[in-house]
Amino acid sequence: MASPSKRKISIVPLPAHVKEKCGKFILNSHTTIAIPADSMAAKVADFFQSQIRQSTGISLLTGGTASQNVITLKLDGEKELGNEGYRLMVNRKNISVSAYKPQGLFYGIQSLLQMFPPEIMSSKVVTGVNWMVPCAEIKDVPRYSYRGMHLDVSRHFFPKDFIKRYIDLLAMFRMNTFHWHLTDDQGWRIEIKKYPKLTEIGAWHVDRENLPWMEREPQKPGEKATYGGYYTQDDIREVVKYASDRFVTIIPEIEMPAHCLAVLTAYPQLSCTGGPFTVPTGSYWPNIDIFCAGNDSTFIFLQDVLDEVIDLFPSKYIHIGGDEADKTNWKVCPKCQKRIKDENLKDENELQSYFVRRIEKYLISKNRKLIGWDEILEGGLAPEATVMSWRGVEGGIQSAKMGHDVIMTPGSYCYFDHYQADPDFEPKAIGGFTSLAKVYSYEPTPEELSSEQQKYILGAQGNVWAEYIPTPGHAEYMAIPRMIALSEVNWTSKELRNWNDFNSRLNTNIFTRLQIMGVNFSKGSYKIDFLSTAIGRHKMKVSLSTERLNPKIRYTMDGSVPEMSSKIYCRPLKLSQSTTLKTAIFEDGKLMEKPSVLSLVFSMSTGRELKLATAYSNRYPAHGNNTLVDGLRGSTNHRDGNWQGYLATDLDATVDLGKIMPVTKISIGFLQNQNAWIFMPSEIIFQLSNDGINFTEVAKISNDATSKQDDILIRDFTQTLNSVKARYVKVKAVGVKNCPSWHKGAGDTCWMFADEIMVD
Ligand SMILES: [Zn+2]
């Protein structure tokens, strides 16, 4: 691979093998195209020709016998390319794209288009461009077979034309699955002929767009529901065909047994209580109104709906949701309780499992496969179900171990409704922080799985939930470029993936194309990340980086706020005393994100060897194993990358000071943000040892960790000591582990966040 600066080809996702050659092919009005006799291949050729025609004004000639200036598409039986692989050869005279199947041909064309000047993506004829393609040999196959994107059209409705554009973007980055979240509490979006009230009533709610999502008043009596929309069956057929021409499979999602208030508003007899209901204008918790599992008419209704859905969507998978079902009503509903008794079920979890199995049986009878969110594991998994692991990766691991197919979509990497940059400078989002670089760092196949079990991981999917996304342009902004990062996670082998290289291809090639296409995309976060590593005794090297390519980072070390005239960062800083580093990026005289502050503290433990006997969570790893002795202090923002999170576990860390020395003070820093499920430890124990085996306790600090405090707190737990010597310092912190009874997450697992152990 050529270095990014010398490279002429910058394809995303990165192909398996790229060999750049000298010279170029030039497309002109005499260029001909040769197409194999295959109807799908002809469609691929149509797609290519129309793109060429609309931007260059050139209509590629067909049927000629020329031996030069020809673009040849071939289905030449090279079986090892599989369904999706391709081979692309460009020399000065000709271009050839060959594949085993038309889908591979299509992906070869997508890569070829990315080798043309970016103006090739224009929707209008551009003049004055030399339509040249650098000579190269490319051979390419994808890593995962499932490469998906989701879109929620229930919380906000997006018109058909935007769905097509979204599919275009998927196809451009060689993604092959669109998960269409068609139904939810706030709106039913698909016409069902047998149940017209689903769209007459269920597709509309009262307009409360001027209010924050969580503070929206429900519909009042007499108010008219005017906000919403739906797709007719003709719309759906049109979109399915559009997607299929681009080799994108659409998986429809029909939510059950929960997230169905739009249905219950239209047909209240399908609930446990009988209603009445209104279609919610925002989200309310808890949401206890779900389908009655004891009522056979619920299943008749769902089977009828699924019949029409199956007719419209050729996808082998049908997604049935299955998530977040609050079983409050099932516990008291006589019909549900009778079902539990009649079917010999243990509890309401098994009733959910009964529900899903019954639907799965029906889908199998129609030759389809069920897919659901990982809650379908609760109470026992349906025999052939495929699981979408969203609440972390554990559900995925468990399912793969049981021999079920899995699609990975963990919230912390794959939820593109999260913030992607500093919330103070971004449109309001649901929360979280999932930067472009974080998405790119995702590895879908968990290490815990054996190579046999790893085969059940089909790939990863990005999810765009629309509570805080009211318009198509906003949806694009949230999806792109994170979706592009995920496309490379899914397509390119782990060994070839490299963030800096990806970022360079994105900035030098892809962003220009997106601009030409009029896509509203984010350029990534200006957030400055600090990395500190020990270099020798009492010296730390601090590197600064951002997702933006080569930004000018300005910094101060005297505590002052950085300005346009502050020093520019060029190379890692070497620091040997406690320092407050403040950094900021300015463009055109404007501050791009609020200044980042790094507090570096030096103590005897800085840069020393650290052993952790308990594991931190991979969701908040901070800087990994040495975080607690890297000198970096966290801020009040628990997502600043300096706080290490411990989920429902204690912390047990031992620092090796290198030799026996006097110890006068031990300290460890914690953060509390009870509104984010983060609590202080309830007890801290400090122990010392000379040999690392026999430890003596020197302090025990108790802390009232469970009383309610709304403020975000940072506290160092400190013990001073008199005339003691030791080589090893052990710090234990006992976590609260579960939210206390007064908390809104009462009983849920909760966090403990630590940043640094300091020894003097
Ligand atoms: Zn019921």
# chains A, B, ... in the order shown; residues from 1 in each chain; ligands from 1
call {"tool": "residues_around", "arguments": {"residues": "segment 93-97 of chain A", "least_positions_apart": "6", "cutoff": "8 Å", "atoms": "only C-alpha atoms", "output": "PyMOL selection string"}}
result
chain A and resi 25+68-74+86-87+105+108-109
call {"tool": "residues_around", "arguments": {"residues": "Gly229 of chain A", "least_positions_apart": "5", "cutoff": "12 Å", "atoms": "only C-alpha atoms", "output": "list in words"}}
result
Val153, Ser154, Arg155, His156, Phe157, Phe158, Pro159, Lys160, Leu182, Thr183, Gln186, Gly187, Trp188, Arg189, Ile190, Glu191, Leu198, Thr199, Glu200, Ile201, Gly202, Ala203, Trp204 and His205 of chain A
call {"tool": "write_last_selection", "arguments": {"atoms": "C-alpha atoms", "output": "short mmCIF file (atom, residue, chain, number, x, y, z; two decimals), in the first residue's frame"}}
result
data_model
loop_
_atom_site.label_atom_id
_atom_site.label_comp_id
_atom_site.auth_asym_id
_atom_site.auth_seq_id
_atom_site.Cartn_x
_atom_site.Cartn_y
_atom_site.Cartn_z
CA VAL A 153 -38.91 6.05 10.85
CA SER A 154 -41.40 5.84 13.72
CA ARG A 155 -40.20 8.49 16.17
CA HIS A 156 -39.96 10.80 13.19
CA PHE A 157 -41.26 9.92 9.75
CA PHE A 158 -38.88 10.20 6.80
CA PRO A 159 -40.24 10.39 3.26
CA LYS A 160 -39.70 7.70 0.65
CA LEU A 182 -41.21 0.63 10.64
CA THR A 183 -43.27 0.45 13.80
CA GLN A 186 -44.94 6.86 18.30
CA GLY A 187 -46.11 5.76 14.87
CA TRP A 188 -47.04 2.82 12.63
CA ARG A 189 -45.55 3.48 9.19
CA ILE A 190 -46.60 0.67 6.86
CA GLU A 191 -49.98 0.29 5.18
CA LEU A 198 -53.07 1.11 11.75
CA THR A 199 -52.27 3.98 9.40
CA GLU A 200 -55.51 6.00 9.72
CA ILE A 201 -54.97 6.29 13.49
CA GLY A 202 -51.63 4.68 14.35
CA ALA A 203 -49.51 6.78 11.98
CA TRP A 204 -50.39 10.13 13.55
CA HIS A 205 -49.86 11.89 16.83
#
call {"tool": "residues_near_ligand", "arguments": {"ligand": "ligand 1", "cutoff": "7 Å", "atoms": "only C-alpha atoms and all ligand atoms", "output": "MDAnalysis selection string"}}
result
chainID A and resid 271:272 292:295 329:330 333:336
call {"tool": "residues_around", "arguments": {"residues": "segment 707-724 of chain A", "least_positions_apart": "2", "cutoff": "10 Å", "atoms": "only C-alpha atoms", "output": "PyMOL selection string"}}
result
chain A and resi 634-638+660-676+678-681+683-686+688+698-705+726+740+742-743+753-760
call {"tool": "select_by_dssp", "arguments": {"residues": "segment 342-504 of chain A", "states": "helix (DSSP H, G or I)", "output": "tab-separated table (two decimals) with N, CA, C and O atoms, in the first residue's frame"}}
result
chain	number	residue	atom	x	y	z
A	342	ASP	N	-51.60	-22.46	31.60
A	342	ASP	CA	-51.93	-23.47	30.58
A	342	ASP	C	-50.69	-24.00	29.87
A	342	ASP	O	-50.63	-25.17	29.48
A	348	GLU	N	-43.29	-14.42	33.71
A	348	GLU	CA	-43.58	-13.53	32.57
A	348	GLU	C	-42.43	-13.52	31.56
A	348	GLU	O	-42.66	-13.27	30.38
A	349	ASN	N	-41.19	-13.78	32.01
A	349	ASN	CA	-40.09	-13.89	31.04
A	349	ASN	C	-40.32	-15.06	30.10
A	349	ASN	O	-40.09	-14.98	28.90
A	350	GLU	N	-40.79	-16.16	30.68
A	350	GLU	CA	-41.08	-17.32	29.82
A	350	GLU	C	-42.29	-17.06	28.94
A	350	GLU	O	-42.41	-17.63	27.86
A	351	LEU	N	-43.17	-16.19	29.41
A	351	LEU	CA	-44.32	-15.83	28.57
A	351	LEU	C	-43.83	-15.04	27.34
A	351	LEU	O	-44.31	-15.26	26.23
A	352	GLN	N	-42.86	-14.16	27.57
A	352	GLN	CA	-42.27	-13.43	26.42
A	352	GLN	C	-41.63	-14.44	25.45
A	352	GLN	O	-41.78	-14.36	24.25
A	353	SER	N	-40.92	-15.40	26.03
A	353	SER	CA	-40.27	-16.41	25.21
A	353	SER	C	-41.32	-17.23	24.43
A	353	SER	O	-41.15	-17.53	23.24
A	354	TYR	N	-42.44	-17.55	25.09
A	354	TYR	CA	-43.55	-18.26	24.42
A	354	TYR	C	-44.04	-17.43	23.23
A	354	TYR	O	-44.26	-17.95	22.13
A	355	PHE	N	-44.19	-16.12	23.46
A	355	PHE	CA	-44.67	-15.18	22.44
A	355	PHE	C	-43.75	-15.25	21.21
A	355	PHE	O	-44.19	-15.43	20.07
A	356	VAL	N	-42.45	-15.12	21.48
A	356	VAL	CA	-41.48	-15.06	20.38
A	356	VAL	C	-41.42	-16.41	19.65
A	356	VAL	O	-41.37	-16.46	18.42
A	357	ARG	N	-41.44	-17.50	20.42
A	357	ARG	CA	-41.40	-18.83	19.78
A	357	ARG	C	-42.62	-19.05	18.88
A	357	ARG	O	-42.51	-19.63	17.80
A	358	ARG	N	-43.77	-18.60	19.37
A	358	ARG	CA	-44.99	-18.80	18.58
A	358	ARG	C	-44.90	-18.03	17.26
A	358	ARG	O	-45.29	-18.54	16.20
A	359	ILE	N	-44.39	-16.81	17.33
A	359	ILE	CA	-44.21	-16.02	16.11
A	359	ILE	C	-43.13	-16.65	15.22
A	359	ILE	O	-43.27	-16.72	13.99
A	360	GLU	N	-42.07	-17.15	15.86
A	360	GLU	CA	-41.02	-17.77	15.05
A	360	GLU	C	-41.55	-18.97	14.27
A	360	GLU	O	-41.25	-19.15	13.09
A	361	LYS	N	-42.36	-19.77	14.96
A	361	LYS	CA	-42.93	-20.95	14.31
A	361	LYS	C	-43.71	-20.53	13.06
A	361	LYS	O	-43.63	-21.16	12.01
A	362	TYR	N	-44.46	-19.44	13.22
A	362	TYR	CA	-45.24	-18.95	12.10
A	362	TYR	C	-44.33	-18.49	10.95
A	362	TYR	O	-44.56	-18.83	9.78
A	363	LEU	N	-43.29	-17.76	11.31
A	363	LEU	CA	-42.37	-17.26	10.27
A	363	LEU	C	-41.68	-18.43	9.55
A	363	LEU	O	-41.52	-18.41	8.33
A	364	ILE	N	-41.28	-19.44	10.33
A	364	ILE	CA	-40.62	-20.59	9.71
A	364	ILE	C	-41.58	-21.28	8.73
A	364	ILE	O	-41.19	-21.70	7.64
A	365	SER	N	-42.86	-21.35	9.12
A	365	SER	CA	-43.85	-21.98	8.23
A	365	SER	C	-43.97	-21.21	6.92
A	365	SER	O	-44.44	-21.73	5.91
A	374	ASP	N	-31.64	-8.39	21.68
A	374	ASP	CA	-31.12	-9.46	22.55
A	374	ASP	C	-32.03	-9.82	23.72
A	374	ASP	O	-31.83	-10.85	24.37
A	375	GLU	N	-33.08	-9.02	24.01
A	375	GLU	CA	-34.02	-9.42	25.06
A	375	GLU	C	-34.72	-10.75	24.73
A	375	GLU	O	-35.27	-11.38	25.63
A	376	ILE	N	-34.70	-11.16	23.46
A	376	ILE	CA	-35.36	-12.43	23.13
A	376	ILE	C	-34.62	-13.61	23.75
A	376	ILE	O	-35.10	-14.74	23.73
A	377	LEU	N	-33.45	-13.35	24.36
A	377	LEU	CA	-32.74	-14.40	25.11
A	377	LEU	C	-33.44	-14.70	26.44
A	377	LEU	O	-33.32	-15.80	26.97
A	394	GLU	N	-22.59	-8.82	25.45
A	394	GLU	CA	-22.78	-10.07	26.18
A	394	GLU	C	-23.84	-10.95	25.52
A	394	GLU	O	-23.68	-12.16	25.41
A	395	GLY	N	-24.96	-10.32	25.10
A	395	GLY	CA	-26.04	-11.08	24.46
A	395	GLY	C	-25.53	-11.77	23.20
A	395	GLY	O	-25.92	-12.91	22.91
A	396	GLY	N	-24.65	-11.10	22.49
A	396	GLY	CA	-24.08	-11.66	21.26
A	396	GLY	C	-23.19	-12.85	21.58
A	396	GLY	O	-23.25	-13.88	20.90
A	397	ILE	N	-22.39	-12.69	22.61
A	397	ILE	CA	-21.47	-13.77	22.99
A	397	ILE	C	-22.26	-15.00	23.43
A	397	ILE	O	-22.02	-16.12	22.97
A	398	GLN	N	-23.26	-14.75	24.28
A	398	GLN	CA	-24.09	-15.84	24.78
A	398	GLN	C	-24.78	-16.58	23.62
A	398	GLN	O	-24.78	-17.81	23.57
A	399	SER	N	-25.32	-15.81	22.67
A	399	SER	CA	-26.05	-16.43	21.56
A	399	SER	C	-25.11	-17.24	20.66
A	399	SER	O	-25.45	-18.35	20.24
A	400	ALA	N	-23.94	-16.68	20.37
A	400	ALA	CA	-22.98	-17.38	19.51
A	400	ALA	C	-22.55	-18.69	20.18
A	400	ALA	O	-22.41	-19.72	19.52
A	401	LYS	N	-22.39	-18.65	21.50
A	401	LYS	CA	-22.01	-19.87	22.22
A	401	LYS	C	-23.10	-20.92	22.15
A	401	LYS	O	-22.84	-22.11	22.24
A	411	GLY	N	-24.53	-0.57	21.78
A	411	GLY	CA	-24.81	0.86	21.89
A	411	GLY	C	-23.57	1.74	21.85
A	411	GLY	O	-23.56	2.77	21.18
A	412	SER	N	-22.52	1.34	22.55
A	412	SER	CA	-21.39	2.26	22.70
A	412	SER	C	-20.58	2.44	21.42
A	412	SER	O	-19.79	3.36	21.31
A	413	TYR	N	-20.75	1.57	20.43
A	413	TYR	CA	-20.04	1.73	19.17
A	413	TYR	C	-20.96	1.96	17.97
A	413	TYR	O	-20.56	2.53	16.98
A	414	CYS	N	-22.17	1.46	18.06
A	414	CYS	CA	-23.01	1.38	16.86
A	414	CYS	C	-24.28	2.22	16.93
A	414	CYS	O	-25.12	2.11	16.05
A	423	PRO	N	-21.07	18.08	22.92
A	423	PRO	CA	-22.50	18.41	22.95
A	423	PRO	C	-22.78	19.91	22.93
A	423	PRO	O	-23.80	20.33	22.38
A	424	ASP	N	-21.87	20.73	23.47
A	424	ASP	CA	-22.11	22.17	23.48
A	424	ASP	C	-22.09	22.78	22.07
A	424	ASP	O	-22.54	23.90	21.87
A	425	PHE	N	-21.51	22.05	21.12
A	425	PHE	CA	-21.38	22.59	19.76
A	425	PHE	C	-22.17	21.77	18.75
A	425	PHE	O	-22.00	21.91	17.56
A	436	LEU	N	-16.44	9.22	15.67
A	436	LEU	CA	-16.09	8.50	14.45
A	436	LEU	C	-14.94	7.52	14.73
A	436	LEU	O	-14.99	6.35	14.31
A	437	ALA	N	-13.94	7.99	15.46
A	437	ALA	CA	-12.78	7.13	15.74
A	437	ALA	C	-13.20	5.94	16.60
A	437	ALA	O	-12.69	4.83	16.44
A	438	LYS	N	-14.15	6.16	17.48
A	438	LYS	CA	-14.60	5.06	18.33
A	438	LYS	C	-15.32	4.00	17.48
A	438	LYS	O	-15.10	2.80	17.65
A	439	VAL	N	-16.18	4.46	16.57
A	439	VAL	CA	-16.86	3.50	15.69
A	439	VAL	C	-15.80	2.71	14.91
A	439	VAL	O	-15.86	1.49	14.80
A	440	TYR	N	-14.81	3.44	14.40
A	440	TYR	CA	-13.78	2.78	13.60
A	440	TYR	C	-13.01	1.74	14.41
A	440	TYR	O	-12.54	0.74	13.87
A	451	SER	N	-12.84	-20.16	17.57
A	451	SER	CA	-12.93	-19.88	16.13
A	451	SER	C	-14.20	-20.49	15.54
A	451	SER	O	-14.77	-19.95	14.60
A	452	GLU	N	-14.65	-21.59	16.12
A	452	GLU	CA	-15.89	-22.21	15.66
A	452	GLU	C	-17.09	-21.28	15.96
A	452	GLU	O	-17.94	-21.04	15.10
A	453	GLN	N	-17.10	-20.75	17.19
A	453	GLN	CA	-18.21	-19.87	17.60
A	453	GLN	C	-18.18	-18.53	16.86
A	453	GLN	O	-19.23	-17.92	16.61
A	454	GLN	N	-16.99	-18.10	16.48
A	454	GLN	CA	-16.87	-16.80	15.80
A	454	GLN	C	-17.63	-16.76	14.48
A	454	GLN	O	-18.04	-15.71	14.02
A	472	PRO	N	-34.68	14.73	7.56
A	472	PRO	CA	-33.74	13.91	6.79
A	472	PRO	C	-32.31	14.43	6.86
A	472	PRO	O	-31.37	13.66	7.03
A	473	GLY	N	-32.13	15.75	6.75
A	473	GLY	CA	-30.78	16.32	6.79
A	473	GLY	C	-30.08	16.00	8.10
A	473	GLY	O	-28.89	15.70	8.15
A	474	HIS	N	-30.85	16.04	9.17
A	474	HIS	CA	-30.30	15.73	10.48
A	474	HIS	C	-29.93	14.24	10.58
A	474	HIS	O	-28.90	13.88	11.14
A	475	ALA	N	-30.76	13.40	9.97
A	475	ALA	CA	-30.46	11.96	9.97
A	475	ALA	C	-29.15	11.70	9.23
A	475	ALA	O	-28.31	10.89	9.67
A	476	GLU	N	-28.96	12.39	8.10
A	476	GLU	CA	-27.70	12.24	7.36
A	476	GLU	C	-26.52	12.65	8.23
A	476	GLU	O	-25.49	11.97	8.28
A	477	TYR	N	-26.69	13.76	8.93
A	477	TYR	CA	-25.61	14.28	9.77
A	477	TYR	C	-25.22	13.28	10.86
A	477	TYR	O	-24.04	13.11	11.16
A	478	MET	N	-26.22	12.60	11.42
A	478	MET	CA	-25.92	11.63	12.48
A	478	MET	C	-25.31	10.34	11.90
A	478	MET	O	-24.48	9.70	12.52
A	479	ALA	N	-25.75	9.97	10.71
A	479	ALA	CA	-25.31	8.69	10.14
A	479	ALA	C	-23.94	8.79	9.48
A	479	ALA	O	-23.19	7.81	9.47
A	482	ARG	N	-20.18	8.27	10.36
A	482	ARG	CA	-20.00	7.09	11.21
A	482	ARG	C	-20.33	5.79	10.47
A	482	ARG	O	-19.69	4.77	10.66
A	483	MET	N	-21.38	5.87	9.62
A	483	MET	CA	-21.73	4.71	8.81
A	483	MET	C	-20.58	4.28	7.90
A	483	MET	O	-20.39	3.09	7.64
A	484	ILE	N	-19.80	5.25	7.43
A	484	ILE	CA	-18.69	4.93	6.53
A	484	ILE	C	-17.58	4.21	7.31
A	484	ILE	O	-16.97	3.25	6.83
A	485	ALA	N	-17.37	4.66	8.55
A	485	ALA	CA	-16.39	3.97	9.41
A	485	ALA	C	-16.83	2.54	9.64
A	485	ALA	O	-16.04	1.59	9.55
A	486	LEU	N	-18.13	2.36	9.88
A	486	LEU	CA	-18.63	1.00	10.13
A	486	LEU	C	-18.55	0.14	8.87
A	486	LEU	O	-18.34	-1.07	8.94
A	487	SER	N	-18.68	0.79	7.70
A	487	SER	CA	-18.58	0.01	6.46
A	487	SER	C	-17.19	-0.62	6.35
A	487	SER	O	-17.04	-1.76	5.90
A	488	GLU	N	-16.18	0.11	6.81
A	488	GLU	CA	-14.82	-0.45	6.74
A	488	GLU	C	-14.60	-1.51	7.83
A	488	GLU	O	-13.92	-2.51	7.61
A	489	VAL	N	-15.21	-1.29	9.00
A	489	VAL	CA	-15.16	-2.30	10.07
A	489	VAL	C	-15.71	-3.63	9.54
A	489	VAL	O	-15.17	-4.70	9.78
A	490	ASN	N	-16.80	-3.53	8.76
A	490	ASN	CA	-17.47	-4.71	8.27
A	490	ASN	C	-16.78	-5.34	7.06
A	490	ASN	O	-16.84	-6.54	6.85
A	491	TRP	N	-16.19	-4.51	6.22
A	491	TRP	CA	-15.68	-5.01	4.94
A	491	TRP	C	-14.21	-5.44	5.04
A	491	TRP	O	-13.80	-6.49	4.53
A	494	LYS	N	-9.28	-7.12	9.71
A	494	LYS	CA	-8.80	-6.48	10.93
A	494	LYS	C	-7.36	-5.98	10.75
A	494	LYS	O	-7.00	-4.89	11.19
A	495	GLU	N	-6.54	-6.78	10.08
A	495	GLU	CA	-5.11	-6.45	9.92
A	495	GLU	C	-4.90	-5.19	9.09
A	495	GLU	O	-3.95	-4.46	9.29
A	496	LEU	N	-5.79	-4.96	8.13
A	496	LEU	CA	-5.60	-3.81	7.23
A	496	LEU	C	-6.20	-2.52	7.77
A	496	LEU	O	-5.96	-1.44	7.24
A	499	TRP	N	-6.70	3.60	11.56
A	499	TRP	CA	-7.49	4.83	11.70
A	499	TRP	C	-6.91	5.98	10.89
A	499	TRP	O	-7.63	6.66	10.15
A	500	ASN	N	-5.60	6.23	11.01
A	500	ASN	CA	-5.03	7.39	10.32
A	500	ASN	C	-5.17	7.27	8.81
A	500	ASN	O	-5.44	8.24	8.11
A	501	ASP	N	-5.00	6.04	8.34
A	501	ASP	CA	-5.11	5.79	6.91
A	501	ASP	C	-6.56	6.01	6.44
A	501	ASP	O	-6.81	6.67	5.43
A	502	PHE	N	-7.51	5.48	7.22
A	502	PHE	CA	-8.93	5.67	6.90
A	502	PHE	C	-9.27	7.16	6.89
A	502	PHE	O	-9.91	7.67	5.97
A	503	ASN	N	-8.82	7.85	7.93
A	503	ASN	CA	-9.13	9.27	8.07
A	503	ASN	C	-8.59	10.07	6.89
A	503	ASN	O	-9.22	11.01	6.40
A	504	SER	N	-7.43	9.65	6.40
A	504	SER	CA	-6.85	10.35	5.27
A	504	SER	C	-7.66	10.08	3.99
A	504	SER	O	-7.94	11.00	3.22
call {"tool": "select_by_dssp", "arguments": {"residues": "segment 477-620 of chain A", "states": "strand (DSSP E or B)", "output": "count of residues only"}}
result
41
call {"tool": "atom_distance", "arguments": {"atom1": "atom CA of Ala429 of chain A", "atom2": "atom CA of Asp640 of chain A"}}
result
17.3 Å
